file start.cif (mmCIF, C-alpha atoms)
data_entry
loop_
_atom_site.label_atom_id
_atom_site.label_comp_id
_atom_site.auth_asym_id
_atom_site.auth_seq_id
_atom_site.Cartn_x
_atom_site.Cartn_y
_atom_site.Cartn_z
CA MET A 1 78.87 74.82 112.05
CA GLU A 2 81.73 77.32 111.70
CA ARG A 3 83.57 76.91 108.42
CA ASP A 4 87.33 76.64 108.16
CA ASN A 5 88.64 80.16 107.62
CA HIS A 6 92.23 79.41 106.72
CA CYS A 7 93.86 81.16 103.79
CA SER A 8 93.87 78.94 100.70
CA PHE A 9 97.67 79.36 100.48
CA CYS A 10 98.88 79.29 104.08
CA SER A 11 97.73 78.62 107.62
CA ARG A 12 96.82 82.21 108.53
CA ALA A 13 93.25 83.38 108.96
CA ALA A 14 91.55 84.64 105.81
CA VAL A 15 90.35 88.25 105.61
CA ILE A 16 88.58 88.12 102.26
CA LEU A 17 87.06 85.80 99.69
CA GLY A 18 88.53 85.80 96.19
CA SER A 19 86.31 86.86 93.31
CA ASP A 20 85.53 83.19 92.64
CA GLU A 21 83.95 83.07 96.14
CA LYS A 22 86.01 79.94 96.85
CA THR A 23 89.58 81.13 97.34
CA ARG A 24 90.28 82.59 100.78
CA LEU A 25 93.11 85.06 101.28
CA CYS A 26 94.98 86.16 104.41
CA GLN A 27 96.30 89.71 104.52
CA ASP A 28 99.72 88.79 103.10
CA HIS A 29 98.23 86.87 100.19
CA LEU A 30 95.69 89.64 99.60
CA LEU A 31 98.56 92.11 99.25
CA GLU A 32 100.43 89.72 96.95
CA ASP A 33 97.28 89.24 94.86
CA LEU A 34 96.61 93.01 94.61
CA LEU A 35 100.20 93.80 93.60
CA ARG A 36 100.11 91.08 90.95
CA ARG A 37 96.79 92.27 89.46
CA VAL A 38 97.76 95.97 89.47
CA ASN A 39 101.07 95.07 87.85
CA ASP A 40 99.21 92.94 85.27
CA THR A 41 96.93 95.89 84.45
CA ILE A 42 99.96 98.15 84.00
CA GLN A 43 101.86 95.63 81.85
CA THR A 44 98.93 94.39 79.75
CA ASN A 45 97.80 97.90 78.88
CA ASN A 46 101.33 99.33 78.66
CA LEU A 47 100.28 102.07 81.08
CA ILE A 48 103.77 103.14 82.22
CA GLN A 49 106.90 103.55 80.10
CA PRO A 50 110.51 104.33 81.01
CA GLY A 51 110.96 108.05 81.61
CA ASP A 52 107.37 108.64 82.65
CA HIS A 53 106.56 111.21 85.32
CA ILE A 54 103.34 109.96 86.89
CA ALA A 55 101.09 112.49 88.60
CA VAL A 56 99.09 110.42 91.08
CA ALA A 57 95.76 112.07 91.82
CA LEU A 58 95.72 111.77 95.61
CA SER A 59 92.52 113.04 97.19
CA GLY A 60 93.32 111.31 100.46
CA GLY A 61 90.26 109.06 100.21
CA LYS A 62 90.46 105.25 100.21
CA ASP A 63 91.00 104.65 96.49
CA SER A 64 93.77 107.19 95.94
CA THR A 65 95.45 106.20 99.21
CA ALA A 66 95.50 102.56 98.09
CA LEU A 67 96.69 103.64 94.64
CA ILE A 68 99.71 105.55 95.90
CA LEU A 69 100.64 102.75 98.32
CA LEU A 70 100.41 100.02 95.67
CA LEU A 71 102.07 102.08 92.92
CA SER A 72 104.91 103.08 95.25
CA SER A 73 105.49 99.43 96.04
CA ILE A 74 105.39 98.34 92.37
CA LEU A 75 107.62 101.20 91.16
CA LYS A 76 110.05 101.35 94.09
CA SER A 77 112.93 99.85 92.12
CA ARG A 78 112.19 101.86 88.96
CA THR A 79 114.66 104.75 89.00
CA ASP A 80 113.49 105.69 85.50
CA ILE A 81 109.99 106.61 86.72
CA THR A 82 109.11 109.73 88.73
CA VAL A 83 106.01 109.79 90.92
CA THR A 84 104.49 113.01 92.27
CA ALA A 85 101.24 113.20 94.19
CA ILE A 86 98.82 115.93 93.22
CA THR A 87 95.90 116.90 95.40
CA ILE A 88 93.07 119.14 94.32
CA ASP A 89 91.53 121.01 97.23
CA GLU A 90 88.04 121.79 96.01
CA GLY A 91 87.15 123.63 99.19
CA ILE A 92 84.42 121.46 100.75
CA THR A 93 83.90 122.50 104.35
CA GLY A 94 83.75 119.65 106.85
CA TYR A 95 85.07 117.11 104.37
CA ARG A 96 88.19 118.11 102.53
CA GLU A 97 90.19 119.10 105.62
CA GLU A 98 90.48 115.50 106.84
CA THR A 99 91.17 113.91 103.47
CA LEU A 100 93.75 116.59 102.67
CA GLN A 101 95.51 115.86 105.96
CA ASN A 102 95.47 112.14 105.15
CA ALA A 103 97.02 112.90 101.74
CA LYS A 104 99.78 114.95 103.42
CA ASN A 105 100.45 112.13 105.87
CA MET A 106 100.69 109.53 103.08
CA VAL A 107 103.24 111.47 101.01
CA LYS A 108 105.30 112.07 104.13
CA ILE A 109 105.34 108.35 104.95
CA LEU A 110 106.24 107.45 101.36
CA GLY A 111 108.69 110.30 100.77
CA ILE A 112 106.91 111.46 97.61
CA ASN A 113 106.74 115.04 96.31
CA HIS A 114 103.33 116.63 96.74
CA TYR A 115 101.68 119.42 94.76
CA ILE A 116 98.42 120.88 96.07
CA LEU A 117 96.20 123.11 93.96
CA SER A 118 92.96 124.62 95.25
CA PHE A 119 89.85 125.64 93.33
CA ALA A 120 90.10 129.03 95.07
CA GLU A 121 93.64 129.49 93.77
CA LEU A 122 92.86 128.29 90.25
CA PHE A 123 89.30 129.47 89.66
CA GLY A 124 88.91 132.28 92.20
CA LYS A 125 86.27 130.54 94.35
CA ASP A 126 86.02 127.30 96.28
CA LEU A 127 83.43 124.64 95.46
CA ASP A 128 81.13 125.56 98.34
CA HIS A 129 80.79 129.06 96.88
CA LEU A 130 80.56 127.90 93.28
CA LEU A 131 77.67 125.61 94.23
CA LEU A 132 75.49 128.20 95.93
CA GLY A 133 72.01 127.52 94.56
CA LYS A 134 73.29 124.66 92.42
CA THR A 135 73.95 121.83 94.86
CA HIS A 136 71.72 119.50 92.81
CA ARG A 137 74.47 119.59 90.14
CA ALA A 138 77.32 119.30 92.64
CA CYS A 139 78.97 116.15 91.31
CA THR A 140 78.75 117.23 87.67
CA ILE A 141 80.22 120.66 88.41
CA CYS A 142 82.90 119.30 90.75
CA GLY A 143 83.82 116.56 88.26
CA VAL A 144 84.34 118.98 85.36
CA LEU A 145 86.34 121.47 87.44
CA ARG A 146 88.38 118.77 89.16
CA ARG A 147 89.38 117.24 85.82
CA LYS A 148 90.52 120.65 84.63
CA ALA A 149 92.41 121.32 87.88
CA LEU A 150 94.13 117.92 87.66
CA THR A 151 95.26 118.70 84.12
CA VAL A 152 96.62 122.12 85.15
CA ALA A 153 98.40 120.63 88.18
CA ALA A 154 99.89 117.76 86.15
CA ARG A 155 101.16 120.14 83.49
CA THR A 156 102.61 122.44 86.15
CA ILE A 157 104.78 119.67 87.58
CA GLY A 158 105.75 118.42 84.10
CA ALA A 159 103.95 115.08 84.38
CA THR A 160 103.58 112.80 81.36
CA LYS A 161 100.57 110.91 82.75
CA ILE A 162 97.86 111.25 85.38
CA ALA A 163 97.07 108.13 87.43
CA THR A 164 93.68 107.99 89.14
CA GLY A 165 92.29 105.58 91.72
CA HIS A 166 89.26 104.42 89.73
CA ASN A 167 88.46 100.85 90.74
CA ARG A 168 86.44 98.07 89.09
CA ASP A 169 83.19 99.15 90.75
CA ASP A 170 83.71 102.74 89.48
CA GLU A 171 84.30 101.45 85.97
CA ALA A 172 81.15 99.30 85.97
CA GLN A 173 79.08 102.17 87.39
CA SER A 174 80.33 104.51 84.66
CA VAL A 175 79.28 102.03 81.98
CA LEU A 176 75.73 101.77 83.34
CA MET A 177 75.49 105.55 83.86
CA ASN A 178 76.58 106.23 80.29
CA VAL A 179 74.16 103.63 78.91
CA MET A 180 71.31 105.14 80.93
CA ARG A 181 72.19 108.60 79.60
CA GLY A 182 72.54 107.28 76.06
CA ASP A 183 76.01 108.82 76.00
CA ILE A 184 77.90 106.56 73.61
CA THR A 185 80.74 109.08 73.23
CA ARG A 186 81.61 108.82 76.91
CA LEU A 187 80.94 105.09 76.93
CA VAL A 188 83.66 104.41 74.37
CA GLN A 189 86.03 107.21 75.42
CA ASP A 190 89.44 105.80 76.31
CA SER A 191 91.77 108.27 78.00
CA ARG A 192 94.71 105.87 78.38
CA GLU A 193 96.48 107.06 75.25
CA GLY A 194 95.92 110.79 75.58
CA SER A 195 96.66 112.98 72.58
CA PRO A 196 100.03 114.66 72.03
CA GLY A 197 99.78 118.40 72.65
CA LEU A 198 96.10 118.12 73.60
CA PHE A 199 95.34 115.68 76.40
CA LEU A 200 97.61 113.99 78.94
CA PRO A 201 97.04 110.23 79.16
CA ARG A 202 94.98 109.21 82.18
CA ILE A 203 95.71 105.76 83.53
CA LYS A 204 93.71 103.67 85.99
CA PRO A 205 96.03 101.06 87.53
CA LEU A 206 93.30 99.88 89.97
CA SER A 207 90.70 99.18 87.30
CA ALA A 208 90.81 95.42 87.98
CA ILE A 209 90.43 95.78 91.76
CA TYR A 210 87.11 95.93 93.62
CA GLU A 211 86.61 98.70 96.16
CA LYS A 212 85.96 96.17 98.92
CA GLU A 213 89.40 94.66 98.31
CA LEU A 214 90.95 98.13 98.56
CA LEU A 215 89.22 98.93 101.84
CA ILE A 216 90.21 95.59 103.39
CA TYR A 217 93.79 96.12 102.17
CA LEU A 218 93.90 99.53 103.87
CA TYR A 219 92.32 98.13 107.04
CA VAL A 220 94.67 95.18 107.47
CA THR A 221 97.77 97.24 106.67
CA GLY A 222 96.87 99.91 109.22
CA HIS A 223 96.15 102.63 106.64
CA TYR A 224 92.39 102.70 107.08
CA ILE A 225 91.14 105.99 108.44
CA GLU A 226 87.48 106.62 108.95
CA LEU A 227 86.89 109.60 106.72
CA PRO A 228 83.66 111.49 106.21
CA GLU A 229 81.59 111.00 103.07
CA CYS A 230 81.48 114.01 100.76
CA PRO A 231 78.45 116.10 101.81
CA TYR A 232 77.45 116.48 98.16
CA ALA A 233 77.66 112.72 97.38
CA SER A 234 73.95 112.24 98.11
CA THR A 235 73.11 114.29 95.01
CA ALA A 236 74.92 111.94 92.68
CA LEU A 237 73.30 109.62 90.16
CA ARG A 238 76.36 107.45 90.74
CA ARG A 239 75.21 106.79 94.30
CA GLU A 240 71.96 105.25 93.07
CA ILE A 241 73.75 103.26 90.36
CA ARG A 242 76.26 101.99 92.93
CA GLU A 243 73.47 100.67 95.13
CA ILE A 244 71.73 98.99 92.21
CA ILE A 245 74.92 97.22 91.08
CA SER A 246 75.92 96.29 94.66
CA LEU A 247 72.65 94.54 95.32
CA PHE A 248 72.59 92.96 91.85
CA ARG A 249 76.12 91.63 92.35
CA TYR A 250 75.01 89.60 95.33
CA LYS A 251 72.92 87.37 93.08
CA HIS A 252 74.95 87.86 89.91
CA PRO A 253 78.65 88.16 90.84
CA GLU A 254 79.60 88.57 87.17
CA ALA A 255 77.66 91.86 86.86
CA CYS A 256 80.67 94.22 86.96
CA ASP A 257 82.72 92.11 84.58
CA GLY A 258 79.79 91.93 82.18
CA LEU A 259 79.33 95.70 82.10
CA ILE A 260 83.03 96.35 81.54
CA ASP A 261 83.21 93.61 78.90
CA PHE A 262 80.25 95.23 77.13
CA ARG A 263 82.03 98.62 77.09
CA ASP A 264 85.23 97.06 75.73
CA LYS A 265 83.33 95.26 72.97
CA VAL A 266 81.57 98.49 71.96
CA ARG A 267 84.94 100.28 72.02
CA ASN A 268 86.42 97.67 69.74
CA CYS A 269 83.64 98.26 67.19
CA ASN A 270 85.24 101.68 66.51
CA LEU A 271 81.79 103.22 66.16
CA LEU A 272 83.05 106.66 67.02
CA THR A 273 86.58 107.28 65.87
CA PRO A 274 87.46 110.75 67.16
CA ASP A 275 88.34 113.17 64.40
CA PRO A 276 91.31 115.29 65.55
CA ASN A 277 90.03 118.08 63.30
CA THR A 278 86.92 118.49 65.44
CA ILE A 279 89.00 119.45 68.50
CA GLN A 280 88.84 123.17 69.07
CA HIS A 281 90.36 125.34 71.78
CA CYS A 282 88.19 127.09 74.34
CA ARG A 283 88.18 130.79 73.53
CA ILE A 284 88.44 131.64 77.24
CA CYS A 285 91.03 129.29 78.72
CA LYS A 286 92.53 127.96 75.43
CA GLU A 287 92.25 124.35 76.61
CA PRO A 288 91.23 121.78 73.97
CA CYS A 289 87.50 121.10 73.86
CA ASN A 290 84.68 120.13 71.53
CA GLY A 291 82.98 123.51 71.28
CA ASP A 292 83.57 127.24 71.42
CA ILE A 293 83.82 127.27 75.24
CA CYS A 294 84.88 124.33 77.41
CA GLN A 295 82.60 122.83 80.07
CA ALA A 296 84.66 124.28 82.94
CA CYS A 297 84.46 127.85 81.61
CA LEU A 298 80.74 127.42 80.96
CA ILE A 299 80.32 126.56 84.65
CA LEU A 300 82.54 129.39 85.88
CA ARG A 301 81.48 132.26 83.65
CA PRO A 302 78.17 133.18 85.37
CA THR A 303 79.91 133.91 88.67
CA ILE A 304 83.54 134.77 87.95
CA PRO A 305 84.36 137.86 85.84
CA LYS A 306 87.58 136.56 84.30
CA TYR A 307 85.59 133.78 82.57
CA GLN A 308 83.13 136.22 81.01
CA LEU A 309 85.16 137.05 77.88
CA MET B 1 75.07 89.05 119.25
CA GLN B 2 76.08 92.70 119.24
CA ILE B 3 76.06 94.52 115.90
CA ILE B 4 77.91 97.84 115.55
CA LEU B 5 76.51 99.69 112.59
CA PRO B 6 78.45 102.09 110.31
CA ASP B 7 77.01 105.10 112.17
CA LYS B 8 78.51 103.64 115.41
CA SER B 9 75.11 102.84 116.88
CA SER B 10 74.76 99.30 118.17
CA ARG B 11 72.00 96.80 118.47
CA ILE B 12 71.63 93.34 119.93
CA ILE B 13 70.10 90.66 117.76
CA SER B 14 69.18 87.26 119.06
CA LYS B 15 70.46 84.98 116.35
CA ASP B 16 72.90 82.16 116.70
CA ASN B 17 74.96 80.35 114.08
CA VAL B 18 73.81 82.59 111.28
CA PRO B 19 75.86 83.48 108.17
CA ILE B 20 77.17 87.05 108.46
CA ARG B 21 76.08 87.70 104.89
CA GLU B 22 72.50 86.96 105.93
CA ILE B 23 72.76 89.49 108.77
CA LEU B 24 74.05 92.12 106.33
CA LEU B 25 71.18 91.55 103.92
CA ASP B 26 68.63 91.60 106.77
CA LEU B 27 70.02 94.99 107.80
CA GLY B 28 69.86 96.27 104.22
CA PHE B 29 73.58 96.23 103.40
CA ALA B 30 74.89 94.85 100.12
CA PRO B 31 77.81 92.54 101.04
CA SER B 32 80.01 94.16 98.37
CA GLY B 33 79.47 97.59 99.95
CA VAL B 34 80.74 96.84 103.45
CA ILE B 35 83.53 95.10 105.30
CA VAL B 36 82.94 93.04 108.42
CA ILE B 37 84.96 93.00 111.63
CA LYS B 38 84.17 89.97 113.80
CA ASN B 39 85.49 90.22 117.35
CA GLY B 40 88.15 92.70 116.19
CA SER B 41 89.35 90.91 113.03
CA VAL B 42 88.38 91.43 109.39
CA VAL B 43 86.65 88.30 108.13
CA PRO B 44 85.05 87.08 104.90
CA ASP B 45 81.29 87.57 105.09
CA ASP B 46 80.52 83.88 104.48
CA LEU B 47 81.52 83.08 108.07
CA ILE B 48 78.99 82.21 110.74
CA ALA B 49 78.32 84.47 113.74
CA GLY B 50 77.13 83.26 117.11
CA ASP B 51 75.30 84.78 120.01
CA ASP B 52 78.49 85.84 121.83
CA ASP B 53 80.09 87.55 118.84
CA GLU B 54 80.51 91.25 118.17
CA ILE B 55 80.07 92.17 114.52
CA ARG B 56 81.15 95.61 113.34
CA ILE B 57 80.03 96.76 109.91
CA ILE B 58 82.08 99.39 108.06
CA LYS B 59 80.46 100.93 105.03
CA ILE B 60 82.65 101.83 102.10
CA ALA B 61 82.68 105.64 102.01
CA HIS B 62 82.51 107.49 98.74
CA GLY B 63 83.29 110.82 97.28
CA GLY B 64 86.59 112.55 96.91
#
call {"tool": "encode", "arguments": {"input": "start.cif", "output": "structure tokens"}}
result
Amino acid sequence: MERDNHCSFCSRAAVILGSDEKTRLCQDHLLEDLLRRVNDTIQTNNLIQPGDHIAVALSGGKDSTALILLLSSILKSRTDITVTAITIDEGITGYREETLQNAKNMVKILGINHYILSFAELFGKDLDHLLLGKTHRACTICGVLRRKALTVAARTIGATKIATGHNRDDEAQSVLMNVMRGDITRLVQDSREGSPGLFLPRIKPLSAIYEKELLIYLYVTGHYIELPECPYASTALRREIREIISLFRYKHPEACDGLIDFRDKVRNCNLLTPDPNTIQHCRICKEPCNGDICQACLILRPTIPKYQL
Amino acid sequence: MQIILPDKSSRIISKDNVPIREILLDLGFAPSGVIVIKNGSVVPDDLIAGDDDEIRIIKIAHGG
């Protein structure tokens, strides 16, 4: 027999189950719930302060699109906060064109300033060319270079913080990946605070929201666009981890919360307090790093002369 | 019931009054990794689908 599909708070049809698997939410109450939880994340973790200039990393994919929509709504009355979208165009043929166009459309709708920086412009080559013969390391290479490009772009526009669209599933996957790699440094790393003169704070306002909630939000508000999957995504360890956690969550809905709770408890043990004296500056690009040469320059130096100092 | 898969291909399955979540699992989709459109509307995946229903499955895309 068909179950009653009314929203738990009104008479409209529900579009999603709450995380307790009992509450049912219509699209209006889903939006209200998302805004409340994103706002709670911002307030609880003191992610945004008066005077901040937030650089929103807007790839044009689902997470960053949802991020800029929700942040714009939450911050619309805050005249003391500036929001600028930054998009990194890695140069991925057959993929980036559509997401880049979606990013341009979003900023136009929202009336937000947009700064676009390409790998070709910053590094001298696009990702497709940088990956020739190395596609098995695509996500690692892209991740390192994209982080560097985001930092350069955020500094260029004078941002005080970078906001990324990492959701709760991403956070749980990162915990399991870092545990599997035995990488306790990354496991406990917390980029929310940044480091004056060294690293810009990176904030994740969507870290309490599941990716399914974001996709349904975009769908019911008319912002869902069927975008291609990155052609290099199949090489990622994250893809396998995502599938493991997704299937596990069906039987154990608390799986994501448990992983994130574990990370937070390890963080609170202060096992690895970073020593500011160990931070060096890359001898090629002068960016702060943990060694003589930063990870980005190590990737770029075999193929690009200006990184071969 | 007609199922439209994420790659836009479709298939007919002869099941009636079956939980959508069960259909997803039978087809190899984790419920947390997809959204379900039943007869044109997004629905929670604990609903039941009947023989006359059209179920579209959208997979959550990644990368970017």
call {"tool": "closest_atom_pairs", "arguments": {"input": "start.cif", "of": "chain B", "to": "chain A", "cutoff": "12 Å", "atoms": "only C-alpha atoms", "output": "tab-separated table"}}
result
residue	atom	partner	partner_atom	distance
B:Pro6	CA	A:Glu226	CA	10.2
B:Asp7	CA	A:Pro228	CA	11.0
B:Lys8	CA	A:Glu226	CA	11.4
B:Asp16	CA	A:Met1	CA	10.5
B:Asn17	CA	A:Met1	CA	7.1
B:Val18	CA	A:Met1	CA	9.3
B:Pro19	CA	A:Glu2	CA	9.2
B:Ile20	CA	A:Glu2	CA	11.2
B:Arg21	CA	A:Tyr250	CA	9.8
B:Glu22	CA	A:Tyr250	CA	11.2
B:Leu24	CA	A:Tyr250	CA	11.3
B:Leu25	CA	A:Leu247	CA	9.2
B:Gly28	CA	A:Leu247	CA	9.5
B:Phe29	CA	A:Leu247	CA	8.3
B:Ala30	CA	A:Leu247	CA	5.3
B:Pro31	CA	A:Tyr250	CA	7.0
B:Ser32	CA	A:Ser246	CA	5.9
B:Gly33	CA	A:Ser246	CA	6.5
B:Val34	CA	A:Lys212	CA	6.9
B:Ile35	CA	A:Lys212	CA	6.9
B:Val36	CA	A:Ile216	CA	9.2
B:Ile37	CA	A:Val15	CA	9.4
B:Lys38	CA	A:Val15	CA	10.4
B:Gly40	CA	A:Val220	CA	11.2
B:Ser41	CA	A:Val15	CA	7.9
B:Val42	CA	A:Val15	CA	5.3
B:Val43	CA	A:Val15	CA	4.5
B:Pro44	CA	A:Ile16	CA	4.5
B:Asp45	CA	A:Ile16	CA	7.8
B:Asp46	CA	A:Leu17	CA	8.3
B:Leu47	CA	A:Arg3	CA	6.5
B:Ile48	CA	A:Glu2	CA	5.7
B:Ala49	CA	A:Glu2	CA	8.2
B:Gly50	CA	A:Glu2	CA	9.3
B:Ile58	CA	A:Glu226	CA	9.1
B:Lys59	CA	A:Lys212	CA	9.5
B:Ile60	CA	A:Leu215	CA	7.2
B:Ala61	CA	A:Glu229	CA	5.6
B:His62	CA	A:Glu229	CA	5.6
B:Gly63	CA	A:Cys230	CA	5.1
B:Gly64	CA	A:Ser59	CA	6.0
call {"tool": "residues_near_point", "arguments": {"input": "start.cif", "point": "(80.9, 86.7, 122.1)", "cutoff": "10 Å", "atoms": "all atoms listed in the file", "output": "JSON, numbers by chain"}}
result
{"B": [1, 2, 38, 39, 49, 50, 51, 52, 53, 54, 55]}
call {"tool": "atom_distance", "arguments": {"input": "start.cif", "atom1": "atom CA of A:Thr44", "atom2": "atom CA of A:Ala85"}}
result
23.8 Å
call {"tool": "atom_distance", "arguments": {"input": "start.cif", "atom1": "atom CA of A:Lys204", "atom2": "atom CA of A:Gly165"}}
result
6.2 Å
call {"tool": "atom_distance", "arguments": {"input": "start.cif", "atom1": "atom CA of A:Arg146", "atom2": "atom CA of A:Ile241"}}
result
21.4 Å
call {"tool": "resolve_selection", "arguments": {"input": "start.cif", "expression": "the PyMOL selection byres ((chain A and resi 151-157) around 8)", "output": "MDAnalysis selection string"}}
result
chainID A and resid 55 86 115:117 147:150 158:162 200
call {"tool": "axis_aligned_box", "arguments": {"input": "start.cif", "around": "stretch 15-18 of chain B", "padding_each_side": "6 Å", "output": "JSON"}}
result
{"center_x": 72.7, "center_y": 82.7, "center_z": 114.0, "size_x": 16.5, "size_y": 16.6, "size_z": 17.4}
call {"tool": "decode", "arguments": {"input": "start.cif", "residues": "stretch 210-233 of chain A", "atoms": "N, CA and C atoms", "output": "PDB file, in the first residue's frame"}}
result
ATOM      1  N   TYR A 210      24.390  16.564   3.112  1.00  0.00           N
ATOM      2  CA  TYR A 210      24.697  15.422   2.241  1.00  0.00           C
ATOM      3  C   TYR A 210      24.513  15.804   0.775  1.00  0.00           C
ATOM      4  N   GLU A 211      25.316  15.160  -0.088  1.00  0.00           N
ATOM      5  CA  GLU A 211      25.274  15.528  -1.510  1.00  0.00           C
ATOM      6  C   GLU A 211      23.907  15.249  -2.139  1.00  0.00           C
ATOM      7  N   LYS A 212      23.212  14.248  -1.638  1.00  0.00           N
ATOM      8  CA  LYS A 212      21.881  13.956  -2.169  1.00  0.00           C
ATOM      9  C   LYS A 212      20.925  15.124  -1.877  1.00  0.00           C
ATOM     10  N   GLU A 213      21.055  15.705  -0.697  1.00  0.00           N
ATOM     11  CA  GLU A 213      20.219  16.859  -0.346  1.00  0.00           C
ATOM     12  C   GLU A 213      20.512  18.033  -1.284  1.00  0.00           C
ATOM     13  N   LEU A 214      21.802  18.208  -1.625  1.00  0.00           N
ATOM     14  CA  LEU A 214      22.177  19.317  -2.510  1.00  0.00           C
ATOM     15  C   LEU A 214      21.603  19.121  -3.902  1.00  0.00           C
ATOM     16  N   LEU A 215      21.679  17.877  -4.398  1.00  0.00           N
ATOM     17  CA  LEU A 215      21.188  17.625  -5.754  1.00  0.00           C
ATOM     18  C   LEU A 215      19.664  17.802  -5.811  1.00  0.00           C
ATOM     19  N   ILE A 216      18.964  17.322  -4.789  1.00  0.00           N
ATOM     20  CA  ILE A 216      17.505  17.483  -4.774  1.00  0.00           C
ATOM     21  C   ILE A 216      17.141  18.964  -4.661  1.00  0.00           C
ATOM     22  N   TYR A 217      17.890  19.696  -3.846  1.00  0.00           N
ATOM     23  CA  TYR A 217      17.673  21.153  -3.726  1.00  0.00           C
ATOM     24  C   TYR A 217      17.812  21.823  -5.102  1.00  0.00           C
ATOM     25  N   LEU A 218      18.886  21.481  -5.824  1.00  0.00           N
ATOM     26  CA  LEU A 218      19.078  22.094  -7.147  1.00  0.00           C
ATOM     27  C   LEU A 218      17.954  21.683  -8.095  1.00  0.00           C
ATOM     28  N   TYR A 219      17.551  20.426  -8.015  1.00  0.00           N
ATOM     29  CA  TYR A 219      16.511  19.925  -8.927  1.00  0.00           C
ATOM     30  C   TYR A 219      15.176  20.639  -8.695  1.00  0.00           C
ATOM     31  N   VAL A 220      14.770  20.722  -7.430  1.00  0.00           N
ATOM     32  CA  VAL A 220      13.437  21.285  -7.164  1.00  0.00           C
ATOM     33  C   VAL A 220      13.404  22.807  -7.297  1.00  0.00           C
ATOM     34  N   THR A 221      14.584  23.450  -7.274  1.00  0.00           N
ATOM     35  CA  THR A 221      14.596  24.903  -7.449  1.00  0.00           C
ATOM     36  C   THR A 221      14.914  25.297  -8.895  1.00  0.00           C
ATOM     37  N   GLY A 222      15.009  24.308  -9.762  1.00  0.00           N
ATOM     38  CA  GLY A 222      15.212  24.597 -11.186  1.00  0.00           C
ATOM     39  C   GLY A 222      16.652  24.917 -11.554  1.00  0.00           C
ATOM     40  N   HIS A 223      17.598  24.620 -10.664  1.00  0.00           N
ATOM     41  CA  HIS A 223      19.009  24.903 -10.949  1.00  0.00           C
ATOM     42  C   HIS A 223      19.795  23.649 -11.313  1.00  0.00           C
ATOM     43  N   TYR A 224      19.094  22.525 -11.419  1.00  0.00           N
ATOM     44  CA  TYR A 224      19.807  21.292 -11.782  1.00  0.00           C
ATOM     45  C   TYR A 224      20.077  21.285 -13.283  1.00  0.00           C
ATOM     46  N   ILE A 225      21.330  21.080 -13.609  1.00  0.00           N
ATOM     47  CA  ILE A 225      21.706  20.935 -15.017  1.00  0.00           C
ATOM     48  C   ILE A 225      22.496  19.646 -15.121  1.00  0.00           C
ATOM     49  N   GLU A 226      22.130  18.835 -16.082  1.00  0.00           N
ATOM     50  CA  GLU A 226      22.850  17.581 -16.238  1.00  0.00           C
ATOM     51  C   GLU A 226      24.217  17.888 -16.815  1.00  0.00           C
ATOM     52  N   LEU A 227      25.225  17.731 -15.996  1.00  0.00           N
ATOM     53  CA  LEU A 227      26.589  18.049 -16.416  1.00  0.00           C
ATOM     54  C   LEU A 227      27.380  16.757 -16.562  1.00  0.00           C
ATOM     55  N   PRO A 228      28.383  16.775 -17.422  1.00  0.00           N
ATOM     56  CA  PRO A 228      29.171  15.548 -17.576  1.00  0.00           C
ATOM     57  C   PRO A 228      30.023  15.285 -16.340  1.00  0.00           C
ATOM     58  N   GLU A 229      30.416  14.039 -16.156  1.00  0.00           N
ATOM     59  CA  GLU A 229      31.341  13.698 -15.079  1.00  0.00           C
ATOM     60  C   GLU A 229      32.757  13.930 -15.601  1.00  0.00           C
ATOM     61  N   CYS A 230      33.636  14.388 -14.728  1.00  0.00           N
ATOM     62  CA  CYS A 230      35.012  14.644 -15.151  1.00  0.00           C
ATOM     63  C   CYS A 230      35.601  13.366 -15.773  1.00  0.00           C
ATOM     64  N   PRO A 231      36.193  13.476 -16.962  1.00  0.00           N
ATOM     65  CA  PRO A 231      36.716  12.267 -17.628  1.00  0.00           C
ATOM     66  C   PRO A 231      37.837  11.586 -16.848  1.00  0.00           C
ATOM     67  N   TYR A 232      38.458  12.314 -15.924  1.00  0.00           N
ATOM     68  CA  TYR A 232      39.547  11.717 -15.142  1.00  0.00           C
ATOM     69  C   TYR A 232      39.049  11.125 -13.824  1.00  0.00           C
ATOM     70  N   ALA A 233      37.745  11.321 -13.510  1.00  0.00           N
ATOM     71  CA  ALA A 233      37.226  10.901 -12.192  1.00  0.00           C
ATOM     72  C   ALA A 233      37.362   9.398 -11.965  1.00  0.00           C
TER      73      ALA A 233
END
